[in-house]
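Notes follow once the structure below has been shown.
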4 protein chains.
Amino acid sequence: MAAKYGSIHGPGELMGRPERQRASVLEAPGVVRIEERPVPVPGRREVLVRIASVGVCGSDVHYYRHGRIGDFVVRAPLVLGHEASGSVVELGEGATRHRVGERVCLEPGIPCGRCEQCRSGRYNLCPDVSFLATPPIDGAFTEYLVMHEDFVYAVPDQLGDDEAAMIEPLSVGVWACRKAGVAPGSRVLVTGAGPIGALAAQVARACGAARVTVSDVEPARLELALRLGADVVLDARSEAPASASVDVLIECSGVERALRSGIEALAPAGRAVLVGMGADEIRVPVAALQTRELWLTGTFRYANTYPAAIALATSGRVGFEGILGRHFALEEVESALSQGVSHDDGLKPIVVVGSAG
Amino acid sequence: MAAKYGSIHGPGELMGRPERQRASVLEAPGVVRIEERPVPVPGRREVLVRIASVGVCGSDVHYYRHGRIGDFVVRAPLVLGHEASGSVVELGEGATRHRVGERVCLEPGIPCGRCEQCRSGRYNLCPDVSFLATPPIDGAFTEYLVMHEDFVYAVPDQLGDDEAAMIEPLSVGVWACRKAGVAPGSRVLVTGAGPIGALAAQVARACGAARVTVSDVEPARLELALRLGADVVLDARSEAPASASVDVLIECSGVERALRSGIEALAPAGRAVLVGMGADEIRVPVAALQTRELWLTGTFRYANTYPAAIALATSGRVGFEGILGRHFALEEVESALSQGVSHDDGLKPIVVVGSAG
Amino acid sequence: MAAKYGSIHGPGELMGRPERQRASVLEAPGVVRIEERPVPVPGRREVLVRIASVGVCGSDVHYYRHGRIGDFVVRAPLVLGHEASGSVVELGEGATRHRVGERVCLEPGIPCGRCEQCRSGRYNLCPDVSFLATPPIDGAFTEYLVMHEDFVYAVPDQLGDDEAAMIEPLSVGVWACRKAGVAPGSRVLVTGAGPIGALAAQVARACGAARVTVSDVEPARLELALRLGADVVLDARSEAPASASVDVLIECSGVERALRSGIEALAPAGRAVLVGMGADEIRVPVAALQTRELWLTGTFRYANTYPAAIALATSGRVGFEGILGRHFALEEVESALSQGVSHDDGLKPIVVVGSAG
Amino acid sequence: MAAKYGSIHGPGELMGRPERQRASVLEAPGVVRIEERPVPVPGRREVLVRIASVGVCGSDVHYYRHGRIGDFVVRAPLVLGHEASGSVVELGEGATRHRVGERVCLEPGIPCGRCEQCRSGRYNLCPDVSFLATPPIDGAFTEYLVMHEDFVYAVPDQLGDDEAAMIEPLSVGVWACRKAGVAPGSRVLVTGAGPIGALAAQVARACGAARVTVSDVEPARLELALRLGADVVLDARSEAPASASVDVLIECSGVERALRSGIEALAPAGRAVLVGMGADEIRVPVAALQTRELWLTGTFRYANTYPAAIALATSGRVGFEGILGRHFALEEVESALSQGVSHDDGLKPIVVVGSAG
């Protein structure tokens, strides 16, 4: 490695610190190229992380195909990828929470820490957040990344690199369950059994849910959900949950019909949490919201979830088998993005940049 | 009074207890007649209340016109009216919470006290509730009514009979603010300035709201809202609240456009509470719910609100001037129902059956 | 069975209904005798339950020894026992939630359903509750018991009779975790590893706790805690938890030192829940409560916990091995009470009255 | 003014910006001197504030007398004062939330914005907070101060300089009521009617409390509490609140007896919030906490309270008459500190440094 990276010096001496790195860059919709870029220097309280594994998210695929998501437009070359694990190779000045060599996962959004949302504990809603792979912030399909030390988390050896990268999507599931108030005894319906749905269902179980029902239109996904611990699965093409049979709906499909039948399934005082992105507007049975005093909300990323997600994954209460998909090298990011989220050989493609071991 | 009511006896001796009473009965849609009926005898832990004032609610008007509200169908003659004050004239066996002669207001719904909803503190969602003036339970447009003592509340002398009757609609406002989490500093938008909106706005203020904005399409109602303490009023025909400018929306109009512009006005983590009944389904901007993590819910009646409502009204933090409308006698219930909710001489017609004084 | 019980008739025909039953009665402190008593007749919405297993609680032992607990004084012969399972043998008029033959467990407290506490969802604080084995209400060390159908819960076949009886103490653990806000990621300290502590620790785990630490002075109890899933155990004679290392303290020992070192262990905003009964007053480090904004509260029984407890036990997320102790016959209640809670052959003696199978 | 301060230039041109200022410095316990110091230059997103009024807090008096509060020791000369109003005279780079000339009040604690406490919305518990007048951070008994723009709040003209300085202690009352869950209908007991108690009582009222009872041992303070809107006052030397008569206790006296009788006064599920500092340890009736499931906690400063406090003060729902005491000049800080909190001519001495007008 030393030969490859040239001179090594300074605080990162033991681990090695190259001057140049390769990054996979989205140059235009559908156009991804490997570029050589300088390895950044960690600033005050920052750490330099050598990337190990990076999951491909639906948002990466969307940027790759369309060059934008809503108001977020890719106007300059952008590195995608925000579900990342790696290891710390250098500490910036004042960074004391990690040691060189530590295996870590990254929380990809750095909020301002000062605004009303941040100060209220809702830092996921910070209007000034810097979020990896969201224009104009480069993401993790690259060899080295600098992060503030407070958004880097140690991962124990029980978690492999791929699993450590999954702490990010797992956080989405943790957040959904938290907003929904899943607790011992809750009857939970998860609509949509893609990676997020499969993770949210497991988190619901780990929160003590009495019964977790998962619905989808793909039999393979339903089988996976069962293997991962769902109590009941429903083929949404032919089956609907019974009216007033669940306390919580976690909607992960983005499909209007799933939301509507899910709301119908909610018992009085039930909570519906929209996680999947779909249409901007949906006809909602508001009379049902009123007569049963249901709650409807949505999630935007997550806040304060990483320690919980790491604990659930480390203890095996949440597993990733069948969610982790095919491996791609950094040079194959475009293939990974083209494949998108599939279910032939696991749901989520993983870009393996290096190893944190 | 003794001459009118004939023989007097038993526990109610001091106050008088007739054998027969007059009741205003809805016999068919649009047909209301005075009937003579027996005065009921209070059972175990019940009290007999002589009715003083009864407010006319939109639901009364709806039953009068259409003979039904949703699944609730008037299949037999029904006494309407559920916003009632009066005085206790007789105590049933074991009733110890009130004394004969006490001026009171009535909480019109008696829940089962045993089901999951009741046991969770959500007794307003009890499927077995008996609610005055909801078929087949007779209401308060009558001279005497029997109620369980725990749903009868003493009112202090500062509150007149009409005001005591208003504790019921005021409870709707208290419940809306409680569900919305109105607290010191909240910026609140109330859409719809009928009686419920005018009361909810005042409760919001009494919860410490920093700014209460009220919108309506009727200038007279906006003027009333200002007199009752709104900080800002908006003519909904020409003005819309600024985007992301409020923390709470209390929707009292039942109008789709009000809900949609109200949701648009919610700041991140804002709460929208649907109080007004309108269309069963509404196109909701769910993407906004997601990106700003808004909460949307509705209210169905209220629970545990009477002590709070009585305290707010007694201390003058909520007033009824301009909300209390024209007086009608028991024989004039049909006129009161025909008038409906108006704004020429106050918003809400009051049926004056007797006096609690 | 028919021969034993004599004439059989009425709604309970299939299961059999005797006229007389045996009950174990506390006649004076330290004096327990078997008495023959009539089998009660279920009233409106009540069911007659044939008792299977009944756990011995510390409160039973306390009444046996001292004839009182605080203000509750045994003034007349009293049947003890309130952790009970059994089967439904007869339905009273209007009882529709169960079928004859159904295996069940009993929630031993029947609240009034009308008071302020009940209506707020805190029915465990109802001043008029009737609670089994609390003077003057007879308990479950008897062959047959009548209960309101809403406080009887079906148990699935995965749970044996003894385990079904444990739903009551498990409810104490569920309630403690709920009040403490245990959730994914919580670091939980349970002080005292008797039956309640051992159950609360498992519930904490089932709520998603990241790390459950259990402390006690008895090595055998700590070993049991480890077998039941505790992550860390501390011998309280020689070890103390690190300062500010946990989010939640569930104090099950009733020992002042445990509470004080537990509070010391709480991180900012931590919650301490007192479950174990001990001294009436304790010196509390209130300055710590202030500077770290800790919360301190206690539990009194439980509310709305049975469905959750049954689900956790049925799915195996909570187990009873090592908690369930030696079996005693109804004639041996006094031996069971004399033994008290031990750890030689399991922690909790079980009185086996019959079989629900 | 220009003559006094010499050359004026740059962004602060209109308002004037001197090079040197006077500060009142605590040099040793009991020793305060005026020093000349340079006027600081606002950094990125900071503003320079010219101080108008500064309230004297009990903590200022304590540092003055003892040179320490617990672990916080004055090791170098320290400027006291943290309840401050003023006006913005210069904007640092990137500071956009204020304009030069704006009248403001200061939130004196700047948290790190990154730690677990900050990210959870509990920034008052941030271990790395910089808090004015807490060693080694200089406070506001000075002419000019630099603050991050996000901790500076515009105040409307309805609030004078002294009142604007009171937003800080008012925040303590807002926070206490928020932690206690004061809401419409709450029955609140405030023990201790010094400045904080008098403010907390008014906030409780502004949250909709049904009845606010204030107790103290000083008749003059009780009279003030009545004038400021308390419903009931109790002379703690001879009267105690009735058992189980309130929902909330806000303890502002720091006196053990007040806490104990206050806990006795709490109804089931009541909340006690310790605001006043007193003994480190207190004998707490924990059995009462258990049988009534009371909650006990304390407050440490406040979080997210300024907008609410400003709104309550601006609208007159909280008033300061009788709380604002005698004026002292900057040169008279020592007299103000010597006087401490009194009740002869208002409760709280105010150091008037300049005018924000």
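Each chain of the structure tokens is named A, B, ... in the order shown, its residues numbered from 1; ligands are numbered from 1 in display order.
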Using only C-alpha atoms, what table do you get, as a Markdown table, when you list each residue of chain D with an atom no more than 9 Å from chain A, its nearest pair of atoms, and their distance in Å rounded to one decimal, rows by chain then rising number?
| residue | atom | partner | partner_atom | distance |
| --- | --- | --- | --- | --- |
| D:Pro111 | CA | A:Arg114 | CA | 8.6 |
| D:Cys112 | CA | A:Gly113 | CA | 7.6 |
| D:Gly113 | CA | A:Gly113 | CA | 4.2 |
| D:Arg114 | CA | A:Gly113 | CA | 6.2 |
| D:Cys115 | CA | A:Asp150 | CA | 7.1 |
| D:Glu116 | CA | A:Asn304 | CA | 7.9 |
| D:Gln117 | CA | A:Gly121 | CA | 8.7 |
| D:Cys118 | CA | A:Arg119 | CA | 6.7 |
| D:Arg119 | CA | A:Gly121 | CA | 5.2 |
| D:Ser120 | CA | A:Gly121 | CA | 4.2 |
| D:Gly121 | CA | A:Gly121 | CA | 3.5 |
| D:Arg122 | CA | A:Gly121 | CA | 7.3 |
| D:Tyr123 | CA | A:Arg119 | CA | 6.7 |
| D:Asp150 | CA | A:Arg114 | CA | 6.6 |
| D:Phe151 | CA | A:Arg114 | CA | 8.7 |
| D:Ala303 | CA | A:Arg119 | CA | 7.9 |
| D:Asn304 | CA | A:Ser120 | CA | 6.8 |
Which of region 155-208 of chain D counts as helix (DSSP H, G or I) under DSSP, as number ranges by chain please? D: 161-165, 167-180, 195-206
How about saving the chosen residues, N, CA, C and O atoms kept, as a compact mmCIF listing (two decimals), in the first residue's frame?
# COMPACT_ATOMS: atom_id res chain seq x y z
N ASP D 161 -35.86 48.06 28.58
CA ASP D 161 -34.56 47.38 28.73
C ASP D 161 -34.56 46.45 29.94
O ASP D 161 -34.03 45.33 29.87
N ASP D 162 -35.11 46.91 31.05
CA ASP D 162 -35.11 46.07 32.25
C ASP D 162 -35.93 44.81 32.01
O ASP D 162 -35.55 43.70 32.38
N GLU D 163 -37.08 45.00 31.40
CA GLU D 163 -37.95 43.85 31.13
C GLU D 163 -37.27 42.88 30.18
O GLU D 163 -37.37 41.66 30.33
N ALA D 164 -36.57 43.42 29.20
CA ALA D 164 -35.87 42.54 28.25
C ALA D 164 -34.81 41.72 28.97
O ALA D 164 -34.57 40.55 28.63
N ALA D 165 -34.17 42.33 29.97
CA ALA D 165 -33.18 41.57 30.75
C ALA D 165 -33.85 40.44 31.53
O ALA D 165 -33.21 39.43 31.84
N ILE D 167 -36.03 38.43 30.53
CA ILE D 167 -36.37 37.25 29.71
C ILE D 167 -35.56 36.04 30.18
O ILE D 167 -36.03 34.90 30.11
N GLU D 168 -34.36 36.30 30.69
CA GLU D 168 -33.55 35.17 31.19
C GLU D 168 -34.19 34.50 32.40
O GLU D 168 -34.50 33.31 32.35
N PRO D 169 -34.45 35.20 33.50
CA PRO D 169 -35.12 34.50 34.61
C PRO D 169 -36.51 34.00 34.24
O PRO D 169 -36.94 32.95 34.72
N LEU D 170 -37.19 34.73 33.37
CA LEU D 170 -38.50 34.23 32.93
C LEU D 170 -38.36 32.88 32.22
O LEU D 170 -39.22 32.00 32.35
N SER D 171 -37.26 32.72 31.50
CA SER D 171 -37.02 31.44 30.83
C SER D 171 -36.95 30.29 31.82
O SER D 171 -37.36 29.16 31.51
N VAL D 172 -36.43 30.56 33.00
CA VAL D 172 -36.37 29.53 34.03
C VAL D 172 -37.79 29.08 34.40
O VAL D 172 -38.07 27.89 34.56
N GLY D 173 -38.68 30.06 34.49
CA GLY D 173 -40.07 29.73 34.80
C GLY D 173 -40.76 29.00 33.67
O GLY D 173 -41.54 28.07 33.89
N VAL D 174 -40.48 29.41 32.44
CA VAL D 174 -41.07 28.73 31.28
C VAL D 174 -40.61 27.27 31.26
O VAL D 174 -41.41 26.34 31.05
N TRP D 175 -39.33 27.07 31.49
CA TRP D 175 -38.77 25.73 31.46
C TRP D 175 -39.36 24.86 32.57
O TRP D 175 -39.70 23.68 32.35
N ALA D 176 -39.52 25.43 33.75
CA ALA D 176 -40.10 24.67 34.86
C ALA D 176 -41.52 24.23 34.52
O ALA D 176 -41.91 23.08 34.74
N CYS D 177 -42.29 25.14 33.96
CA CYS D 177 -43.68 24.80 33.61
C CYS D 177 -43.72 23.76 32.50
O CYS D 177 -44.59 22.88 32.48
N ARG D 178 -42.78 23.88 31.57
CA ARG D 178 -42.77 22.92 30.46
C ARG D 178 -42.42 21.53 30.98
O ARG D 178 -43.07 20.55 30.62
N LYS D 179 -41.41 21.45 31.83
CA LYS D 179 -41.03 20.14 32.37
C LYS D 179 -42.14 19.56 33.23
O LYS D 179 -42.30 18.34 33.32
N ALA D 180 -42.88 20.43 33.89
CA ALA D 180 -43.96 19.97 34.76
C ALA D 180 -45.23 19.64 33.99
O ALA D 180 -46.17 19.09 34.55
N PRO D 195 -38.04 36.06 42.86
CA PRO D 195 -38.23 36.40 41.45
C PRO D 195 -38.61 35.19 40.60
O PRO D 195 -39.54 35.25 39.80
N ILE D 196 -37.90 34.06 40.78
CA ILE D 196 -38.20 32.89 39.95
C ILE D 196 -39.59 32.35 40.26
O ILE D 196 -40.37 32.04 39.35
N GLY D 197 -39.92 32.24 41.51
CA GLY D 197 -41.25 31.75 41.88
C GLY D 197 -42.35 32.66 41.36
O GLY D 197 -43.36 32.21 40.83
N ALA D 198 -42.12 33.97 41.49
CA ALA D 198 -43.15 34.92 41.03
C ALA D 198 -43.31 34.84 39.51
O ALA D 198 -44.42 35.01 38.99
N LEU D 199 -42.23 34.57 38.81
CA LEU D 199 -42.32 34.43 37.36
C LEU D 199 -42.93 33.08 36.97
O LEU D 199 -43.79 32.99 36.10
N ALA D 200 -42.50 32.02 37.64
CA ALA D 200 -43.04 30.69 37.32
C ALA D 200 -44.54 30.64 37.56
O ALA D 200 -45.28 30.02 36.78
N ALA D 201 -44.99 31.29 38.61
CA ALA D 201 -46.42 31.30 38.90
C ALA D 201 -47.20 31.97 37.77
O ALA D 201 -48.27 31.50 37.36
N GLN D 202 -46.63 33.05 37.25
CA GLN D 202 -47.31 33.73 36.15
C GLN D 202 -47.29 32.89 34.88
O GLN D 202 -48.25 32.87 34.10
N VAL D 203 -46.19 32.21 34.65
CA VAL D 203 -46.14 31.34 33.46
C VAL D 203 -47.16 30.22 33.59
O VAL D 203 -47.85 29.88 32.63
N ALA D 204 -47.26 29.66 34.80
CA ALA D 204 -48.24 28.59 35.01
C ALA D 204 -49.63 29.08 34.63
O ALA D 204 -50.39 28.41 33.94
N ARG D 205 -49.94 30.29 35.10
CA ARG D 205 -51.22 30.89 34.75
C ARG D 205 -51.35 31.03 33.23
O ARG D 205 -52.39 30.71 32.65
N ALA D 206 -50.29 31.47 32.59
CA ALA D 206 -50.31 31.69 31.14
C ALA D 206 -50.37 30.39 30.36
O ALA D 206 -50.66 30.39 29.17
Can you tell me which residues surround Pro268 (chain C) at a distance of at most 12 Å, considering only C-alpha atoms, apart from same-chain residues fewer than 6 positions away, and format the answer as a list of chain:residue names? C:Ser243, C:Ala244, C:Ser245, C:Val246, C:Asp247, C:Val248, C:Ala288, C:Leu289, C:Gln290, C:Thr291, C:Arg292, C:Glu293, C:Leu294, C:Trp295, D:Glu116, D:Gln117, D:Cys118, D:Ser120, D:Arg122, D:Tyr123, D:Asn124, D:Leu125, D:Cys126, D:Pro127, D:Thr297, D:Gly298, D:Thr299, D:Phe300
Would you kindly return, as a PyMOL selection string, each protein, DNA or RNA residue with an atom no farther than 8 Å from any atom of Pro285 (chain A), considering only C-alpha atoms and excluding same-chain residues fewer than 3 positions away? (chain A and resi 260+263+288-289) or (chain B and resi 280-282)
Could you turn the residues from that selection into a file that holds N, CA and C atoms, as a JSON list (two decimals), in the first residue's frame?
[["chain", "number", "residue", "atom", "x", "y", "z"],
["A", 260, "ARG", "N", -53.59, 3.99, 1.70],
["A", 260, "ARG", "CA", -55.02, 4.03, 1.97],
["A", 260, "ARG", "C", -55.50, 2.76, 2.67],
["A", 263, "ILE", "N", -54.18, 2.86, 6.26],
["A", 263, "ILE", "CA", -54.95, 3.72, 7.16],
["A", 263, "ILE", "C", -56.25, 3.02, 7.58],
["A", 288, "ALA", "N", -61.73, 9.30, 8.48],
["A", 288, "ALA", "CA", -61.22, 8.22, 9.33],
["A", 288, "ALA", "C", -60.22, 8.76, 10.35],
["A", 289, "LEU", "N", -59.40, 9.71, 9.90],
["A", 289, "LEU", "CA", -58.46, 10.35, 10.84],
["A", 289, "LEU", "C", -59.22, 10.99, 12.00],
["B", 280, "ASP", "N", -65.18, 13.41, 3.17],
["B", 280, "ASP", "CA", -64.59, 12.20, 3.76],
["B", 280, "ASP", "C", -63.13, 12.05, 3.34],
["B", 281, "GLU", "N", -62.82, 12.51, 2.14],
["B", 281, "GLU", "CA", -61.45, 12.37, 1.64],
["B", 281, "GLU", "C", -60.96, 13.72, 1.14],
["B", 282, "ILE", "N", -59.69, 13.96, 1.33],
["B", 282, "ILE", "CA", -59.08, 15.20, 0.87],
["B", 282, "ILE", "C", -57.71, 14.89, 0.31]]
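Straight-line separation from CA of Gly94 (chain B) to CA of Arg44 (chain B): 5.9 Å.
One distance worth recording is that between CA of Ser253 (chain A) and CA of Glu83 (chain A), which is 19.9 Å.
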